[in-house]
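Q: Below is one structure. I have some questions about it.
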Amino acid sequence: MGSPCLRLLGPSAAPRTQCGCRCGIRIPWRPGQYSTISEVALQSGRGPVSLPSKAAERVVGRWLLVCSGTVAGAVILGGVTRLTESGLSMVDWHLIKEMKPPTSQEEWEAEFQKYQQFPEFKILNHDMTLAEFKFIWYMEYSHRMWGRLVGLAYILPAAYFWRKGWLSHNMKGRVLALCGLVCFQGLLGWYMVKSGLEEKPDSHDIPRVSQYRLAAHLGSALVLYCASLWTSLSLLLPQHKLPETRQLLRLRRFAHGTTGLVFLTALSGAFVAGLDAGLVYNSFPKMGESWIPEDLFTFSPVLRNVFENPTMVQFDHRILGITSVTAITALYFLSRRIPLPRRTKMAAATLLALAYTQVGLGISTLLMYVPTPLAATHQSGSLALLSVALWLMNELRRVPK
């Protein structure tokens with residue numbers, strides 16, 4: 001059988017067995033047999049066509065949902081790596097070579113000796129044993145290997161779907177951008193680690209990575225996560241045909257602003273982690289004995305305090321968190337005034353519940369002097385909150401004309 005002509009299934013195609021474009025191709029056709037051109041191509045065993053089917057869209061949507069899950073895992077694991085102060089244990093970076101961990105006693109001792117040449121061991125961990133080093137090394141190793149898994153989860157299926165013709169023209173651009181961002185994220189991670197390995201002769205502070213690079217690393221991961229999750233939800237969830245009223249427009253804009261605020265609050269957490277700002281004032285709602293501490297503007301110029309003063313960084317994170325939960329509460333009650341589908345109402349209610357849970361986790365983490373399990377749960381909660389905010393935004397998106 002010859003390859004079926006695509007003109008057989010145009011908008012006005014009638015039940016016929018021969019194409020009208022004089023190609024001479026004959027193909028058996030029954031009403032309802034093929035829903036899209038892709039199905040004809042698959043039935044005929046021929047190569048991919050340009051228009052993806054609904055089934056292909058679902059497959060791509062599920063793939064991106066899995067990819068967003070792997071990115072979430074990397075963010076959570078990265079947070080635990082930072083909390084256990086394990087991120088500087090691997091002092092070099094090789095794409096393939098470092099995939100094999102040390103196996104013999106000699107290899108472990110050689111790895112430990114390399115670590116001993118850098119500031120973290122000299123200043124902070126000078127009495128560390130080899131067994132303790134193995135723990136922090138494996139934490140960083142797990143994070144790096146998970147990052148490689150994320151890269152494979154994006155790149156290999158993307159190449160397969162591209163070859164099969166399951167990606168529309170717009171989706172190809174998105175997938176290329178996502179794969180490029182994955183590669184950039186890996187390079188940015190090593191650029192961040194390098195900042196903590198540099199010798200600083202004039203400083204006796206605890207060696208740590210630059211909070212700016214840490215925020216950039218987390219920020220790019222969050223962008224990758226949000227883009228993947230948004231695209232997968234757009235492909236998998238049926239779109240609601242909501243009436244474009246003034247109230248709905250206001251709710252949609254408010255949801256967009258609230259999601260941006262949640263994103264910014266999560267990003268500010270990178271500065272809290274990078275400066276250990278969670279340990280400077282462990283009281284709530286006041287900071288020490290006052291509502292506004294005296295050392296907010298210690299550094300000069302004033303703008304440095306926003307990013308480098310631990311007191312100001314914690315203060316900003318508190319304000320952003322309180323503002324976010326207030327905005328989410330207002331968003332919930334605003335949504336109650338509009339007739340919305342059941343799934344959309346569920347998204348709004350889930351967002352409200354998660355917001356107050358996250359506030360409770362944050363306050364508990366602060367009052368208990370940042371225990372690792374609780375702090376890791378708080379960091380994971382920020383990702384869950386951002387996910388549900390994106391879900392609600394997706395529920396409220398405009399139906400294209």
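Within each chain, counting starts at residue 1; across the structure tokens, chains are named A, B, ... in the order shown, with ligands numbered 1 upward in that order.
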With a cut-off of 8 Å, could you pull out the residues of range 171-289 of chain A touching range 334-352 of chain A and give me the nearest pair of atoms for each, distance in Å to one decimal, using only C-alpha atoms, ordered by chain and ascending number, as a Markdown table?

A:
| residue | atom | partner | partner_atom | distance |
| --- | --- | --- | --- | --- |
| A:His240 | CA | A:Pro341 | CA | 7.7 |
| A:Leu242 | CA | A:Leu340 | CA | 7.9 |
| A:Gln247 | CA | A:Ile338 | CA | 7.2 |
| A:Leu248 | CA | A:Ile338 | CA | 7.4 |
| A:Leu251 | CA | A:Ser335 | CA | 6.8 |

Q: Restricting the output to all heavy atoms, write the selected residues as a JSON list (two decimals), in the first residue's frame.

A:
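Dumped everything to out-v8.json:
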[["chain", "number", "residue", "atom", "x", "y", "z"],
["A", 240, "HIS", "N", -11.12, 24.54, 30.84],
["A", 240, "HIS", "CA", -12.48, 24.99, 31.14],
["A", 240, "HIS", "C", -12.86, 26.16, 30.23],
["A", 240, "HIS", "O", -12.05, 27.06, 30.00],
["A", 240, "HIS", "CB", -12.58, 25.44, 32.59],
["A", 240, "HIS", "CG", -12.22, 24.39, 33.58],
["A", 240, "HIS", "ND1", -12.91, 23.20, 33.68],
["A", 240, "HIS", "CD2", -11.23, 24.33, 34.52],
["A", 240, "HIS", "CE1", -12.36, 22.46, 34.65],
["A", 240, "HIS", "NE2", -11.35, 23.13, 35.16],
["A", 242, "LEU", "N", -14.56, 29.06, 30.57],
["A", 242, "LEU", "CA", -15.14, 29.97, 31.55],
["A", 242, "LEU", "C", -15.58, 31.26, 30.87],
["A", 242, "LEU", "O", -14.89, 31.76, 29.98],
["A", 242, "LEU", "CB", -14.10, 30.28, 32.64],
["A", 242, "LEU", "CG", -13.53, 29.07, 33.39],
["A", 242, "LEU", "CD1", -12.38, 29.51, 34.28],
["A", 242, "LEU", "CD2", -14.61, 28.40, 34.20],
["A", 247, "GLN", "N", -14.95, 39.81, 36.81],
["A", 247, "GLN", "CA", -14.52, 39.14, 38.05],
["A", 247, "GLN", "C", -13.49, 38.06, 37.76],
["A", 247, "GLN", "O", -12.51, 37.91, 38.50],
["A", 247, "GLN", "CB", -15.73, 38.51, 38.74],
["A", 247, "GLN", "CG", -16.62, 39.50, 39.48],
["A", 247, "GLN", "CD", -17.77, 38.79, 40.17],
["A", 247, "GLN", "OE1", -18.46, 37.96, 39.57],
["A", 247, "GLN", "NE2", -17.99, 39.11, 41.43],
["A", 248, "LEU", "N", -13.70, 37.30, 36.67],
["A", 248, "LEU", "CA", -12.74, 36.25, 36.32],
["A", 248, "LEU", "C", -11.40, 36.87, 35.91],
["A", 248, "LEU", "O", -10.34, 36.34, 36.27],
["A", 248, "LEU", "CB", -13.30, 35.39, 35.19],
["A", 248, "LEU", "CG", -12.37, 34.26, 34.71],
["A", 248, "LEU", "CD1", -12.13, 33.25, 35.83],
["A", 248, "LEU", "CD2", -12.94, 33.56, 33.49],
["A", 251, "LEU", "N", -9.63, 37.81, 39.02],
["A", 251, "LEU", "CA", -9.14, 36.62, 39.72],
["A", 251, "LEU", "C", -7.91, 36.04, 39.03],
["A", 251, "LEU", "O", -6.93, 35.65, 39.69],
["A", 251, "LEU", "CB", -10.24, 35.56, 39.77],
["A", 251, "LEU", "CG", -9.89, 34.24, 40.45],
["A", 251, "LEU", "CD1", -9.60, 34.45, 41.93],
["A", 251, "LEU", "CD2", -11.00, 33.21, 40.27]]

Q: Residues of range 162-300 of chain A classed as helix (DSSP H, G or I) by DSSP on the backbone are to be reported as a PyMOL selection string.

A: chain A and resi 162-164+169-197+211-236+246-274+277-279+294-297

Q: Could you list, as a PyMOL selection string, every residue within 12 Å of Arg174 in chain A, counting only C-alpha atoms and ignoring same-chain residues fewer than 4 positions away?

A: chain A and resi 60+64+154+158+162+167-170+178-181+224+227-228+230-232

Q: Could you pull the residues within 8 Å of Leu88 in chain A, counting only C-alpha atoms, minus those fewer than 3 positions along the same chain, as a list in words?

A: Glu85, Val91, Glu120, Glu140, Val193, Gly196 and Leu197 of chain A

Q: Using only C-alpha atoms, which of A:Ile363, A:Leu249, A:Ala389, A:Leu275 sits nearest Phe263 in chain A?

A: A:Ala389

Q: Would you kindly return, as number ranges by chain, each protein, DNA or RNA residue with an atom no farther than 6 Å from any atom of range 75-84 of chain A, considering only C-alpha atoms and excluding same-chain residues fewer than 2 positions away?

A: A: 72-73, 86-87, 139, 376, 380

Q: Restricted to C-alpha atoms, what would the selected residues look like written as a PDB file, in the first residue's frame?

A:
ATOM      1  CA  ALA A  72      11.589  18.531  42.185  1.00  0.00           C
ATOM      2  CA  GLY A  73      13.660  15.617  43.476  1.00  0.00           C
ATOM      3  CA  SER A  86      27.948  18.351  52.081  1.00  0.00           C
ATOM      4  CA  GLY A  87      28.103  20.479  48.940  1.00  0.00           C
ATOM      5  CA  MET A 139      25.385  13.255  49.786  1.00  0.00           C
ATOM      6  CA  ALA A 376      14.137  20.029  54.495  1.00  0.00           C
ATOM      7  CA  SER A 380       9.956  20.881  50.046  1.00  0.00           C
TER       8      SER A 380
END

Q: Using only C-alpha atoms, find each residue of range 259-293 of chain A with at least one atom at most 12 Å away from an atom of range 198-222 of chain A; report its shortest atom-to-atom pair and that distance in Å (one decimal), sort the rows by chain and rising residue number, and return the result as a tab-separated table.

A:
residue	atom	partner	partner_atom	distance
A:Gly260	CA	A:Leu222	CA	11.7
A:Val262	CA	A:Leu222	CA	11.3
A:Phe263	CA	A:Leu222	CA	8.0
A:Leu264	CA	A:Gly219	CA	9.2
A:Thr265	CA	A:Gly219	CA	11.1
A:Ala266	CA	A:Gly219	CA	8.8
A:Leu267	CA	A:Gly219	CA	6.2
A:Ser268	CA	A:Ala215	CA	7.6
A:Gly269	CA	A:Ala215	CA	8.2
A:Ala270	CA	A:Ala215	CA	5.0
A:Phe271	CA	A:Gln211	CA	5.4
A:Val272	CA	A:Gln211	CA	8.4
A:Ala273	CA	A:Gln211	CA	7.9
A:Gly274	CA	A:Gln211	CA	4.6
A:Leu275	CA	A:Gln211	CA	6.6
A:Asp276	CA	A:Arg208	CA	9.6
A:Ala277	CA	A:Gln211	CA	11.0

Q: What lies within 7 Å of range 304-316 of chain A using only C-alpha atoms, ignoring chain neighbours under 2 positions off, as an MDAnalysis selection string?

A: chainID A and resid 271:272 275 277:278 280 295:297 299:302 318:320

Q: Ranking A:Thr365, A:Gln117, A:Phe135, A:Met393 by minimum distance to Gly257 in chain A and counting only C-alpha atoms, which one comes first?

A: A:Met393

Q: Which residues are near Leu152 in chain A? Cut-off 12 Å, only C-alpha atoms, ignore same chain within fewer than 6 positions. Put them as number ranges by chain.

A: A: 66-67, 70-71, 145-146, 158-160, 179, 182-183

Q: Just how far from CA of Ala177 in chain A is CA of Phe254 in chain A, in Å to one decimal?

A: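 Pair CA of Phe254 in chain A / CA of Ala177 in chain A returns 27.6 Å.
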
Q: Compare A:Val325, A:Leu279, A:Ile123, A:Leu235 by their minimum atom-to-atom distance to Asn394 in chain A, counting only C-alpha atoms, and give me the closest one.

A: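 Checking each of A:Val325, A:Leu279, A:Ile123, A:Leu235 against Asn394 in chain A, counting only C-alpha atoms, the winner is A:Leu235.
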
Q: State, in Å with one decimal place, the distance from CA of Glu111 in chain A to CA of Met90 in chain A.

A: 8.2 Å
